[in-house]
Protein chains: 2
Amino acid sequence: MNYALINKMSVRPGKRDEVIEILLKSGAAFDDNPHCLLYLVSKDKQDENVIWIQDVWTDEPSHEIAMKNETMQQYIKQAMPLLTGMPEQIAVDSAGGKSPWN
Amino acid sequence: MNYALINKMSVRPGKRDEVIEILLKSGAAFDDNPHCLLYLVSKDKQDENVIWIQDVWTDEPSHEIAMKNETMQQYIKQAMPLLTGMPEQIAVDSAGGKSPWN
């Protein structure tokens, strides 16, 4: 069963582009990771201080390993002061639908 | 630019599986629609009365057309009484990341 996550990240005013840059740089490591099926970074259209990150991984341990990577941890440290709090992490169980990996 | 949506749907107690069934049946129409890149229906792990629907379409008009389809409208009418209110629709602009269609 795939492991999916929806993350809502609230940033300090004016810091969204900076945080997105960090998210994209850190996420470049997923490009060659076959366990990462989806990593979408998006800007909320209604709230200019909100970022949404949608992840789908083949399994939960693969996501954990990717997060524990030292370079990733450095990116996280870089982003944290730009946020207004901890990202809101919504864990979900896939019920079906259409996706390129099914 | 792709058109992406994150939808949060709150259902009446005990009605989640029924609503998911409707969402999957109605979404089967997207399987052969090349404008629908992603349609993920998921159960919130923390709240047993919440469903998340993640959509990515090639463009906004294609999504609108798919929603206006008569069969789709019938499914929507079928699902509405099972919800506690209107779905919360979060429109987002993609900023990048990893996806099979990029």
# chains A, B, ... in the order shown; residues from 1 in each chain; ligands from 1
call {"tool": "select_by_dssp", "arguments": {"residues": "region 23-84 of chain A", "states": "strand (DSSP E or B)", "output": "PyMOL selection string"}}
result
chain A and resi 36-44+50-57+83
call {"tool": "interface_residues", "arguments": {"of": "chain A", "to": "chain B", "cutoff": "8 Å", "atoms": "only C-alpha atoms", "output": "PyMOL selection string"}}
result
chain A and resi 20+24+27-28+30-31+37-46+52+90-100
call {"tool": "residues_around", "arguments": {"residues": "Leu83 (chain B)", "least_positions_apart": "3", "cutoff": "12 Å", "atoms": "only C-alpha atoms", "output": "MDAnalysis selection string"}}
result
chainID B and resid 8:20 49:51 76:80 86:88
call {"tool": "write_last_selection", "arguments": {"atoms": "N, CA and C atoms", "output": "PDB file, in the first residue's frame"}}
result
ATOM      1  N   LYS B   8     -11.259  18.819   0.656  1.00  0.00           N
ATOM      2  CA  LYS B   8     -11.514  18.157   1.937  1.00  0.00           C
ATOM      3  C   LYS B   8     -13.027  18.006   2.080  1.00  0.00           C
ATOM      4  N   MET B   9     -13.458  16.776   2.266  1.00  0.00           N
ATOM      5  CA  MET B   9     -14.884  16.489   2.337  1.00  0.00           C
ATOM      6  C   MET B   9     -15.204  15.898   3.715  1.00  0.00           C
ATOM      7  N   SER B  10     -16.139  16.507   4.404  1.00  0.00           N
ATOM      8  CA  SER B  10     -16.548  15.974   5.705  1.00  0.00           C
ATOM      9  C   SER B  10     -17.901  15.288   5.547  1.00  0.00           C
ATOM     10  N   VAL B  11     -17.963  14.053   6.026  1.00  0.00           N
ATOM     11  CA  VAL B  11     -19.185  13.267   5.827  1.00  0.00           C
ATOM     12  C   VAL B  11     -19.919  13.044   7.150  1.00  0.00           C
ATOM     13  N   ARG B  12     -21.190  12.723   7.032  1.00  0.00           N
ATOM     14  CA  ARG B  12     -21.964  12.371   8.231  1.00  0.00           C
ATOM     15  C   ARG B  12     -21.389  11.078   8.818  1.00  0.00           C
ATOM     16  N   PRO B  13     -21.446  10.948  10.148  1.00  0.00           N
ATOM     17  CA  PRO B  13     -20.845   9.776  10.800  1.00  0.00           C
ATOM     18  C   PRO B  13     -21.276   8.460  10.152  1.00  0.00           C
ATOM     19  N   GLY B  14     -20.303   7.642   9.863  1.00  0.00           N
ATOM     20  CA  GLY B  14     -20.585   6.317   9.318  1.00  0.00           C
ATOM     21  C   GLY B  14     -20.807   6.283   7.819  1.00  0.00           C
ATOM     22  N   LYS B  15     -20.725   7.437   7.162  1.00  0.00           N
ATOM     23  CA  LYS B  15     -21.061   7.488   5.728  1.00  0.00           C
ATOM     24  C   LYS B  15     -19.840   7.556   4.818  1.00  0.00           C
ATOM     25  N   ARG B  16     -18.633   7.469   5.399  1.00  0.00           N
ATOM     26  CA  ARG B  16     -17.452   7.673   4.566  1.00  0.00           C
ATOM     27  C   ARG B  16     -17.319   6.647   3.441  1.00  0.00           C
ATOM     28  N   ASP B  17     -17.508   5.372   3.766  1.00  0.00           N
ATOM     29  CA  ASP B  17     -17.328   4.351   2.727  1.00  0.00           C
ATOM     30  C   ASP B  17     -18.323   4.522   1.581  1.00  0.00           C
ATOM     31  N   GLU B  18     -19.541   4.919   1.964  1.00  0.00           N
ATOM     32  CA  GLU B  18     -20.575   5.133   0.945  1.00  0.00           C
ATOM     33  C   GLU B  18     -20.196   6.287   0.011  1.00  0.00           C
ATOM     34  N   VAL B  19     -19.681   7.362   0.594  1.00  0.00           N
ATOM     35  CA  VAL B  19     -19.280   8.513  -0.226  1.00  0.00           C
ATOM     36  C   VAL B  19     -18.087   8.136  -1.101  1.00  0.00           C
ATOM     37  N   ILE B  20     -17.137   7.390  -0.532  1.00  0.00           N
ATOM     38  CA  ILE B  20     -15.966   6.976  -1.319  1.00  0.00           C
ATOM     39  C   ILE B  20     -16.403   6.130  -2.517  1.00  0.00           C
ATOM     40  N   ASN B  49     -14.275  10.741   9.605  1.00  0.00           N
ATOM     41  CA  ASN B  49     -15.353  11.329   8.805  1.00  0.00           C
ATOM     42  C   ASN B  49     -14.842  12.294   7.739  1.00  0.00           C
ATOM     43  N   VAL B  50     -13.569  12.176   7.417  1.00  0.00           N
ATOM     44  CA  VAL B  50     -12.987  13.084   6.422  1.00  0.00           C
ATOM     45  C   VAL B  50     -12.384  12.313   5.251  1.00  0.00           C
ATOM     46  N   ILE B  51     -12.667  12.827   4.059  1.00  0.00           N
ATOM     47  CA  ILE B  51     -12.105  12.292   2.807  1.00  0.00           C
ATOM     48  C   ILE B  51     -11.315  13.423   2.148  1.00  0.00           C
ATOM     49  N   ILE B  76     -23.061  13.671  -7.892  1.00  0.00           N
ATOM     50  CA  ILE B  76     -22.923  14.752  -6.906  1.00  0.00           C
ATOM     51  C   ILE B  76     -24.208  14.866  -6.073  1.00  0.00           C
ATOM     52  N   LYS B  77     -25.348  14.796  -6.744  1.00  0.00           N
ATOM     53  CA  LYS B  77     -26.638  14.866  -6.042  1.00  0.00           C
ATOM     54  C   LYS B  77     -26.793  13.709  -5.052  1.00  0.00           C
ATOM     55  N   GLN B  78     -26.247  12.571  -5.446  1.00  0.00           N
ATOM     56  CA  GLN B  78     -26.321  11.374  -4.603  1.00  0.00           C
ATOM     57  C   GLN B  78     -25.433  11.538  -3.349  1.00  0.00           C
ATOM     58  N   ALA B  79     -24.306  12.199  -3.523  1.00  0.00           N
ATOM     59  CA  ALA B  79     -23.354  12.316  -2.410  1.00  0.00           C
ATOM     60  C   ALA B  79     -23.707  13.450  -1.443  1.00  0.00           C
ATOM     61  N   MET B  80     -24.266  14.533  -1.963  1.00  0.00           N
ATOM     62  CA  MET B  80     -24.462  15.736  -1.144  1.00  0.00           C
ATOM     63  C   MET B  80     -25.163  15.486   0.196  1.00  0.00           C
ATOM     64  N   MET B  86     -20.666  21.795   2.303  1.00  0.00           N
ATOM     65  CA  MET B  86     -19.991  21.836   0.999  1.00  0.00           C
ATOM     66  C   MET B  86     -18.534  21.381   1.174  1.00  0.00           C
ATOM     67  N   PRO B  87     -18.003  20.651   0.196  1.00  0.00           N
ATOM     68  CA  PRO B  87     -16.594  20.292   0.283  1.00  0.00           C
ATOM     69  C   PRO B  87     -15.727  21.554   0.336  1.00  0.00           C
ATOM     70  N   GLU B  88     -14.662  21.480   1.111  1.00  0.00           N
ATOM     71  CA  GLU B  88     -13.717  22.600   1.164  1.00  0.00           C
ATOM     72  C   GLU B  88     -12.751  22.438  -0.007  1.00  0.00           C
TER      73      GLU B  88
END
call {"tool": "atom_distance", "arguments": {"atom1": "CA of Ile65 (chain B)", "atom2": "CA of Met1 (chain B)"}}
result
17.2 Å
call {"tool": "select_by_dssp", "arguments": {"residues": "chain B", "states": "helix (DSSP H, G or I)", "output": "number ranges by chain"}}
result
B: 16-30, 60-68, 70-82
call {"tool": "write_last_selection", "arguments": {"atoms": "N, CA and C atoms", "output": "CSV table (one decimal), in the first residue's frame"}}
result
chain,number,residue,atom,x,y,z
B,16,ARG,N,-18.6,7.5,5.4
B,16,ARG,CA,-17.5,7.7,4.6
B,16,ARG,C,-17.3,6.6,3.4
B,17,ASP,N,-17.5,5.4,3.8
B,17,ASP,CA,-17.3,4.4,2.7
B,17,ASP,C,-18.3,4.5,1.6
B,18,GLU,N,-19.5,4.9,2.0
B,18,GLU,CA,-20.6,5.1,0.9
B,18,GLU,C,-20.2,6.3,0.0
B,19,VAL,N,-19.7,7.4,0.6
B,19,VAL,CA,-19.3,8.5,-0.2
B,19,VAL,C,-18.1,8.1,-1.1
B,20,ILE,N,-17.1,7.4,-0.5
B,20,ILE,CA,-16.0,7.0,-1.3
B,20,ILE,C,-16.4,6.1,-2.5
B,21,GLU,N,-17.4,5.3,-2.3
B,21,GLU,CA,-17.9,4.4,-3.4
B,21,GLU,C,-18.4,5.3,-4.5
B,22,ILE,N,-19.2,6.4,-4.1
B,22,ILE,CA,-19.7,7.3,-5.2
B,22,ILE,C,-18.6,8.0,-5.9
B,23,LEU,N,-17.6,8.5,-5.1
B,23,LEU,CA,-16.4,9.2,-5.7
B,23,LEU,C,-15.7,8.3,-6.7
B,24,LEU,N,-15.5,7.0,-6.3
B,24,LEU,CA,-14.7,6.2,-7.2
B,24,LEU,C,-15.6,5.8,-8.5
B,25,LYS,N,-16.9,5.6,-8.3
B,25,LYS,CA,-17.7,5.3,-9.4
B,25,LYS,C,-17.7,6.5,-10.4
B,26,SER,N,-17.9,7.7,-9.8
B,26,SER,CA,-18.0,8.9,-10.7
B,26,SER,C,-16.6,9.1,-11.3
B,27,GLY,N,-15.6,8.9,-10.6
B,27,GLY,CA,-14.2,9.2,-11.1
B,27,GLY,C,-13.8,8.2,-12.1
B,28,ALA,N,-14.5,7.1,-12.3
B,28,ALA,CA,-14.1,6.1,-13.3
B,28,ALA,C,-14.2,6.7,-14.7
B,29,ALA,N,-15.0,7.8,-14.8
B,29,ALA,CA,-15.1,8.5,-16.1
B,29,ALA,C,-13.8,9.2,-16.5
B,30,PHE,N,-13.0,9.4,-15.5
B,30,PHE,CA,-11.7,10.2,-15.7
B,30,PHE,C,-10.6,9.2,-16.3
B,60,GLU,N,-7.9,24.1,-16.4
B,60,GLU,CA,-9.1,24.4,-15.6
B,60,GLU,C,-10.4,24.1,-16.4
B,61,PRO,N,-10.5,24.5,-17.7
B,61,PRO,CA,-11.7,24.2,-18.5
B,61,PRO,C,-12.0,22.7,-18.6
B,62,SER,N,-11.0,21.9,-18.7
B,62,SER,CA,-11.2,20.4,-18.8
B,62,SER,C,-11.8,19.9,-17.6
B,63,HIS,N,-11.4,20.4,-16.4
B,63,HIS,CA,-12.0,20.0,-15.2
B,63,HIS,C,-13.5,20.4,-15.1
B,64,GLU,N,-13.7,21.7,-15.5
B,64,GLU,CA,-15.1,22.2,-15.5
B,64,GLU,C,-16.0,21.4,-16.4
B,65,ILE,N,-15.5,21.0,-17.5
B,65,ILE,CA,-16.3,20.2,-18.5
B,65,ILE,C,-16.7,18.9,-17.9
B,66,ALA,N,-15.7,18.3,-17.2
B,66,ALA,CA,-15.9,16.9,-16.6
B,66,ALA,C,-16.9,17.0,-15.5
B,67,MET,N,-16.9,18.1,-14.8
B,67,MET,CA,-17.8,18.3,-13.6
B,67,MET,C,-19.2,18.5,-14.1
B,68,LYS,N,-19.4,19.2,-15.3
B,68,LYS,CA,-20.7,19.5,-15.8
B,68,LYS,C,-21.4,18.3,-16.4
B,70,GLU,N,-23.5,15.2,-17.2
B,70,GLU,CA,-24.8,14.9,-16.5
B,70,GLU,C,-24.7,13.7,-15.5
B,71,THR,N,-24.0,12.7,-15.9
B,71,THR,CA,-23.8,11.6,-15.0
B,71,THR,C,-23.1,12.0,-13.8
B,72,MET,N,-22.1,12.9,-14.0
B,72,MET,CA,-21.3,13.4,-12.8
B,72,MET,C,-22.3,14.2,-11.9
B,73,GLN,N,-23.1,15.0,-12.5
B,73,GLN,CA,-24.1,15.8,-11.6
B,73,GLN,C,-25.0,14.9,-10.8
B,74,GLN,N,-25.3,13.7,-11.4
B,74,GLN,CA,-26.2,12.8,-10.7
B,74,GLN,C,-25.5,12.2,-9.5
B,75,TYR,N,-24.2,11.9,-9.7
B,75,TYR,CA,-23.4,11.4,-8.6
B,75,TYR,C,-23.2,12.4,-7.5
B,76,ILE,N,-23.1,13.7,-7.9
B,76,ILE,CA,-22.9,14.8,-6.9
B,76,ILE,C,-24.2,14.9,-6.1
B,77,LYS,N,-25.3,14.8,-6.7
B,77,LYS,CA,-26.6,14.9,-6.0
B,77,LYS,C,-26.8,13.7,-5.1
B,78,GLN,N,-26.2,12.6,-5.4
B,78,GLN,CA,-26.3,11.4,-4.6
B,78,GLN,C,-25.4,11.5,-3.3
B,79,ALA,N,-24.3,12.2,-3.5
B,79,ALA,CA,-23.4,12.3,-2.4
B,79,ALA,C,-23.7,13.5,-1.4
B,80,MET,N,-24.3,14.5,-2.0
B,80,MET,CA,-24.5,15.7,-1.1
B,80,MET,C,-25.2,15.5,0.2
B,81,PRO,N,-26.3,14.7,0.2
B,81,PRO,CA,-27.0,14.5,1.5
B,81,PRO,C,-26.1,13.7,2.6
B,82,LEU,N,-25.0,13.1,2.1
B,82,LEU,CA,-24.2,12.3,3.0
B,82,LEU,C,-23.1,13.2,3.6
call {"tool": "calpha_fit_and_write", "arguments": {"fixed": "chain A", "moving": "chain B", "output": "compact mmCIF listing (two decimals) with N, CA and C atoms, in the first residue's frame"}}
result
# COMPACT_ATOMS: atom_id res chain seq x y z
N MET B 1 0.82 -1.21 0.00
CA MET B 1 -0.03 0.02 -0.01
C MET B 1 0.87 1.25 -0.03
N ASN B 2 0.60 2.15 -0.94
CA ASN B 2 1.35 3.41 -0.98
C ASN B 2 1.19 4.20 0.31
N TYR B 3 2.15 5.07 0.54
CA TYR B 3 2.09 5.95 1.71
C TYR B 3 1.92 7.38 1.20
N ALA B 4 0.82 8.00 1.58
CA ALA B 4 0.51 9.34 1.07
C ALA B 4 0.41 10.34 2.21
N LEU B 5 0.82 11.55 1.91
CA LEU B 5 0.81 12.63 2.90
C LEU B 5 0.37 13.93 2.23
N ILE B 6 -0.40 14.70 2.94
CA ILE B 6 -0.71 16.05 2.50
C ILE B 6 -0.19 16.98 3.59
N ASN B 7 0.67 17.91 3.22
CA ASN B 7 1.25 18.81 4.22
C ASN B 7 0.84 20.25 3.93
N LYS B 8 0.41 20.91 4.99
CA LYS B 8 0.09 22.34 4.87
C LYS B 8 1.14 23.10 5.67
N MET B 9 1.81 24.01 5.00
CA MET B 9 2.90 24.75 5.62
C MET B 9 2.55 26.25 5.62
N SER B 10 2.58 26.85 6.79
CA SER B 10 2.31 28.29 6.87
C SER B 10 3.63 29.02 7.09
N VAL B 11 3.87 30.02 6.26
CA VAL B 11 5.16 30.71 6.32
C VAL B 11 4.99 32.14 6.84
N ARG B 12 6.09 32.69 7.31
CA ARG B 12 6.08 34.10 7.73
C ARG B 12 5.82 34.97 6.49
N PRO B 13 5.13 36.10 6.69
CA PRO B 13 4.77 36.95 5.55
C PRO B 13 5.96 37.25 4.64
N GLY B 14 5.75 37.05 3.37
CA GLY B 14 6.78 37.37 2.38
C GLY B 14 7.83 36.29 2.19
N LYS B 15 7.71 35.19 2.91
CA LYS B 15 8.78 34.16 2.86
C LYS B 15 8.41 32.95 2.02
N ARG B 16 7.24 32.99 1.36
CA ARG B 16 6.81 31.78 0.66
C ARG B 16 7.77 31.34 -0.45
N ASP B 17 8.20 32.29 -1.27
CA ASP B 17 9.08 31.90 -2.39
C ASP B 17 10.39 31.30 -1.90
N GLU B 18 10.88 31.88 -0.80
CA GLU B 18 12.14 31.37 -0.23
C GLU B 18 11.97 29.93 0.27
N VAL B 19 10.85 29.67 0.93
CA VAL B 19 10.60 28.31 1.43
C VAL B 19 10.41 27.35 0.26
N ILE B 20 9.68 27.79 -0.77
CA ILE B 20 9.47 26.93 -1.94
C ILE B 20 10.81 26.57 -2.59
N GLU B 21 11.70 27.53 -2.64
CA GLU B 21 13.02 27.26 -3.22
C GLU B 21 13.73 26.15 -2.43
N ILE B 22 13.64 26.23 -1.12
CA ILE B 22 14.26 25.20 -0.28
C ILE B 22 13.58 23.85 -0.51
N LEU B 23 12.25 23.86 -0.60
CA LEU B 23 11.51 22.60 -0.80
C LEU B 23 11.87 21.96 -2.14
N LEU B 24 12.04 22.79 -3.16
CA LEU B 24 12.37 22.23 -4.48
C LEU B 24 13.81 21.73 -4.53
N LYS B 25 14.71 22.50 -3.91
CA LYS B 25 16.12 22.06 -3.86
C LYS B 25 16.24 20.74 -3.10
N SER B 26 15.59 20.66 -1.95
CA SER B 26 15.69 19.44 -1.14
C SER B 26 14.99 18.29 -1.84
N GLY B 27 13.89 18.59 -2.51
CA GLY B 27 13.12 17.55 -3.20
C GLY B 27 13.80 17.02 -4.45
N ALA B 28 14.81 17.72 -4.94
CA ALA B 28 15.51 17.25 -6.14
C ALA B 28 16.12 15.87 -5.88
N ALA B 29 16.40 15.58 -4.59
CA ALA B 29 16.95 14.27 -4.22
C ALA B 29 15.96 13.15 -4.51
N PHE B 30 14.67 13.48 -4.59
CA PHE B 30 13.65 12.45 -4.83
C PHE B 30 13.58 12.04 -6.30
N ASP B 31 14.12 12.90 -7.17
CA ASP B 31 14.01 12.63 -8.62
C ASP B 31 14.53 11.24 -8.98
N ASP B 32 15.61 10.85 -8.33
CA ASP B 32 16.22 9.55 -8.65
C ASP B 32 15.83 8.47 -7.65
N ASN B 33 14.85 8.77 -6.81
CA ASN B 33 14.42 7.79 -5.81
C ASN B 33 13.13 7.12 -6.30
N PRO B 34 13.22 5.87 -6.70
CA PRO B 34 12.03 5.21 -7.27
C PRO B 34 10.91 5.01 -6.25
N HIS B 35 11.21 5.19 -4.97
CA HIS B 35 10.17 5.05 -3.94
C HIS B 35 9.29 6.29 -3.84
N CYS B 36 9.77 7.40 -4.39
CA CYS B 36 8.96 8.63 -4.39
C CYS B 36 8.16 8.68 -5.69
N LEU B 37 6.85 8.53 -5.56
CA LEU B 37 5.98 8.51 -6.75
C LEU B 37 5.49 9.91 -7.09
N LEU B 38 5.33 10.72 -6.07
CA LEU B 38 4.79 12.07 -6.28
C LEU B 38 5.31 13.00 -5.19
N TYR B 39 5.72 14.19 -5.60
CA TYR B 39 6.14 15.21 -4.63
C TYR B 39 5.76 16.54 -5.27
N LEU B 40 4.57 17.01 -4.92
CA LEU B 40 4.05 18.23 -5.54
C LEU B 40 4.10 19.37 -4.54
N VAL B 41 4.77 20.43 -4.92
CA VAL B 41 4.84 21.64 -4.09
C VAL B 41 3.95 22.69 -4.76
N SER B 42 2.99 23.22 -3.99
CA SER B 42 2.03 24.17 -4.59
C SER B 42 1.77 25.36 -3.69
N LYS B 43 1.41 26.46 -4.35
CA LYS B 43 1.04 27.67 -3.63
C LYS B 43 -0.48 27.72 -3.46
N ASP B 44 -0.94 27.97 -2.25
CA ASP B 44 -2.36 28.17 -2.03
C ASP B 44 -2.79 29.45 -2.74
N LYS B 45 -3.88 29.38 -3.49
CA LYS B 45 -4.31 30.57 -4.25
C LYS B 45 -4.99 31.60 -3.37
N GLN B 46 -5.59 31.12 -2.26
CA GLN B 46 -6.34 32.06 -1.40
C GLN B 46 -5.46 32.70 -0.33
N ASP B 47 -4.48 31.95 0.14
CA ASP B 47 -3.65 32.45 1.24
C ASP B 47 -2.19 32.51 0.78
N GLU B 48 -1.68 33.72 0.65
CA GLU B 48 -0.34 33.88 0.07
C GLU B 48 0.78 33.43 1.00
N ASN B 49 0.41 33.02 2.21
CA ASN B 49 1.43 32.52 3.14
C ASN B 49 1.32 31.02 3.39
N VAL B 50 0.64 30.34 2.48
CA VAL B 50 0.46 28.89 2.66
C VAL B 50 1.01 28.12 1.46
N ILE B 51 1.72 27.04 1.79
CA ILE B 51 2.25 26.10 0.79
C ILE B 51 1.64 24.73 1.08
N TRP B 52 1.30 24.00 0.02
CA TRP B 52 0.82 22.62 0.17
C TRP B 52 1.85 21.70 -0.46
N ILE B 53 2.13 20.61 0.22
CA ILE B 53 3.06 19.61 -0.32
C ILE B 53 2.34 18.26 -0.32
N GLN B 54 2.23 17.70 -1.49
CA GLN B 54 1.56 16.41 -1.63
C GLN B 54 2.60 15.35 -1.99
N ASP B 55 2.68 14.35 -1.15
CA ASP B 55 3.65 13.26 -1.30
C ASP B 55 2.93 11.95 -1.52
N VAL B 56 3.44 11.13 -2.40
CA VAL B 56 3.07 9.71 -2.42
C VAL B 56 4.35 8.91 -2.52
N TRP B 57 4.52 7.98 -1.60
CA TRP B 57 5.69 7.10 -1.57
C TRP B 57 5.22 5.66 -1.68
N THR B 58 6.12 4.79 -2.12
CA THR B 58 5.73 3.38 -2.25
C THR B 58 5.41 2.77 -0.88
N ASP B 59 6.06 3.30 0.17
CA ASP B 59 5.87 2.76 1.52
C ASP B 59 6.40 3.77 2.53
N GLU B 60 5.94 3.64 3.76
CA GLU B 60 6.30 4.61 4.81
C GLU B 60 7.79 4.60 5.16
N PRO B 61 8.43 3.44 5.31
CA PRO B 61 9.87 3.45 5.65
C PRO B 61 10.71 4.20 4.61
N SER B 62 10.37 4.08 3.34
CA SER B 62 11.15 4.79 2.31
C SER B 62 11.07 6.31 2.51
N HIS B 63 9.91 6.78 2.90
CA HIS B 63 9.76 8.21 3.18
C HIS B 63 10.59 8.61 4.39
N GLU B 64 10.53 7.78 5.43
CA GLU B 64 11.30 8.07 6.65
C GLU B 64 12.80 8.15 6.36
N ILE B 65 13.28 7.18 5.59
CA ILE B 65 14.71 7.15 5.25
C ILE B 65 15.09 8.43 4.49
N ALA B 66 14.27 8.82 3.55
CA ALA B 66 14.55 10.02 2.76
C ALA B 66 14.60 11.27 3.65
N MET B 67 13.73 11.30 4.66
CA MET B 67 13.68 12.46 5.55
C MET B 67 14.88 12.51 6.49
N LYS B 68 15.41 11.35 6.84
CA LYS B 68 16.53 11.30 7.80
C LYS B 68 17.87 11.63 7.15
N ASN B 69 17.89 11.64 5.85
CA ASN B 69 19.12 11.98 5.12
C ASN B 69 19.71 13.29 5.65
N GLU B 70 21.03 13.35 5.79
CA GLU B 70 21.66 14.50 6.43
C GLU B 70 21.44 15.82 5.66
N THR B 71 21.57 15.73 4.34
CA THR B 71 21.34 16.93 3.52
C THR B 71 19.91 17.43 3.70
N MET B 72 18.96 16.47 3.74
CA MET B 72 17.56 16.84 3.95
C MET B 72 17.38 17.55 5.28
N GLN B 73 18.03 17.03 6.31
CA GLN B 73 17.92 17.64 7.63
C GLN B 73 18.46 19.07 7.63
N GLN B 74 19.49 19.31 6.84
CA GLN B 74 20.03 20.67 6.76
C GLN B 74 19.03 21.62 6.09
N TYR B 75 18.36 21.10 5.07
CA TYR B 75 17.33 21.93 4.41
C TYR B 75 16.18 22.23 5.37
N ILE B 76 15.81 21.23 6.16
CA ILE B 76 14.72 21.42 7.13
C ILE B 76 15.11 22.51 8.14
N LYS B 77 16.34 22.46 8.61
CA LYS B 77 16.82 23.47 9.57
C LYS B 77 16.80 24.87 8.95
N GLN B 78 17.07 24.90 7.66
CA GLN B 78 17.09 26.18 6.93
C GLN B 78 15.66 26.74 6.79
N ALA B 79 14.71 25.85 6.61
CA ALA B 79 13.33 26.30 6.37
C ALA B 79 12.58 26.65 7.66
N MET B 80 12.87 25.92 8.73
CA MET B 80 12.06 26.06 9.95
C MET B 80 11.87 27.50 10.44
N PRO B 81 12.94 28.33 10.47
CA PRO B 81 12.74 29.70 10.99
C PRO B 81 11.83 30.56 10.10
N LEU B 82 11.60 30.10 8.88
CA LEU B 82 10.76 30.87 7.95
C LEU B 82 9.28 30.50 8.08
N LEU B 83 9.00 29.48 8.89
CA LEU B 83 7.62 29.02 9.08
C LEU B 83 7.02 29.64 10.34
N THR B 84 5.70 29.66 10.41
CA THR B 84 5.05 30.19 11.61
C THR B 84 4.81 29.09 12.64
N GLY B 85 5.10 27.86 12.27
CA GLY B 85 4.93 26.74 13.21
C GLY B 85 5.28 25.45 12.52
N MET B 86 5.01 24.36 13.17
CA MET B 86 5.28 23.06 12.55
C MET B 86 4.31 22.86 11.37
N PRO B 87 4.78 22.24 10.29
CA PRO B 87 3.86 21.95 9.20
C PRO B 87 2.73 21.04 9.69
N GLU B 88 1.54 21.28 9.16
CA GLU B 88 0.41 20.41 9.50
C GLU B 88 0.47 19.20 8.57
N GLN B 89 0.72 18.04 9.15
CA GLN B 89 0.90 16.83 8.34
C GLN B 89 -0.36 15.97 8.41
N ILE B 90 -0.98 15.77 7.26
CA ILE B 90 -2.22 14.99 7.21
C ILE B 90 -1.90 13.63 6.58
N ALA B 91 -1.94 12.59 7.40
CA ALA B 91 -1.69 11.24 6.87
C ALA B 91 -2.99 10.69 6.33
N VAL B 92 -2.92 10.10 5.14
CA VAL B 92 -4.13 9.57 4.52
C VAL B 92 -3.89 8.15 4.00
N ASP B 93 -4.96 7.40 3.90
CA ASP B 93 -4.92 6.07 3.28
C ASP B 93 -5.59 6.16 1.92
N SER B 94 -4.90 5.72 0.90
CA SER B 94 -5.49 5.78 -0.43
C SER B 94 -6.71 4.87 -0.53
N ALA B 95 -7.76 5.38 -1.14
CA ALA B 95 -8.97 4.58 -1.35
C ALA B 95 -9.15 4.25 -2.83
N GLY B 96 -8.33 4.85 -3.68
CA GLY B 96 -8.42 4.57 -5.11
C GLY B 96 -8.42 5.83 -5.94
N GLY B 97 -8.78 5.69 -7.19
CA GLY B 97 -8.81 6.83 -8.10
C GLY B 97 -7.94 6.58 -9.31
N LYS B 98 -7.48 7.66 -9.93
CA LYS B 98 -6.65 7.55 -11.12
C LYS B 98 -5.27 8.11 -10.82
N SER B 99 -4.26 7.32 -11.08
CA SER B 99 -2.89 7.81 -10.91
C SER B 99 -1.99 7.07 -11.88
N PRO B 100 -0.92 7.70 -12.28
CA PRO B 100 -0.04 7.07 -13.28
C PRO B 100 0.66 5.82 -12.76
N TRP B 101 0.72 5.63 -11.46
CA TRP B 101 1.46 4.49 -10.91
C TRP B 101 0.56 3.31 -10.57
N ASN B 102 -0.73 3.42 -10.80
CA ASN B 102 -1.61 2.28 -10.53
C ASN B 102 -1.83 1.41 -11.76
call {"tool": "decode", "arguments": {"residues": "region 7-16 of chain B", "atoms": "N, CA and C atoms", "output": "short mmCIF file (atom, residue, chain, number, x, y, z; two decimals), in the first residue's frame"}}
result
data_model
loop_
_atom_site.label_atom_id
_atom_site.label_comp_id
_atom_site.auth_asym_id
_atom_site.auth_seq_id
_atom_site.Cartn_x
_atom_site.Cartn_y
_atom_site.Cartn_z
N ASN B 7 -9.26 18.80 -2.21
CA ASN B 7 -10.60 18.92 -1.64
C ASN B 7 -10.70 18.15 -0.33
N LYS B 8 -11.26 18.82 0.66
CA LYS B 8 -11.51 18.16 1.94
C LYS B 8 -13.03 18.01 2.08
N MET B 9 -13.46 16.78 2.27
CA MET B 9 -14.88 16.49 2.34
C MET B 9 -15.20 15.90 3.72
N SER B 10 -16.14 16.51 4.40
CA SER B 10 -16.55 15.97 5.70
C SER B 10 -17.90 15.29 5.55
N VAL B 11 -17.96 14.05 6.03
CA VAL B 11 -19.18 13.27 5.83
C VAL B 11 -19.92 13.04 7.15
N ARG B 12 -21.19 12.72 7.03
CA ARG B 12 -21.96 12.37 8.23
C ARG B 12 -21.39 11.08 8.82
N PRO B 13 -21.45 10.95 10.15
CA PRO B 13 -20.85 9.78 10.80
C PRO B 13 -21.28 8.46 10.15
N GLY B 14 -20.30 7.64 9.86
CA GLY B 14 -20.59 6.32 9.32
C GLY B 14 -20.81 6.28 7.82
N LYS B 15 -20.72 7.44 7.16
CA LYS B 15 -21.06 7.49 5.73
C LYS B 15 -19.84 7.56 4.82
N ARG B 16 -18.63 7.47 5.40
CA ARG B 16 -17.45 7.67 4.57
C ARG B 16 -17.32 6.65 3.44
#
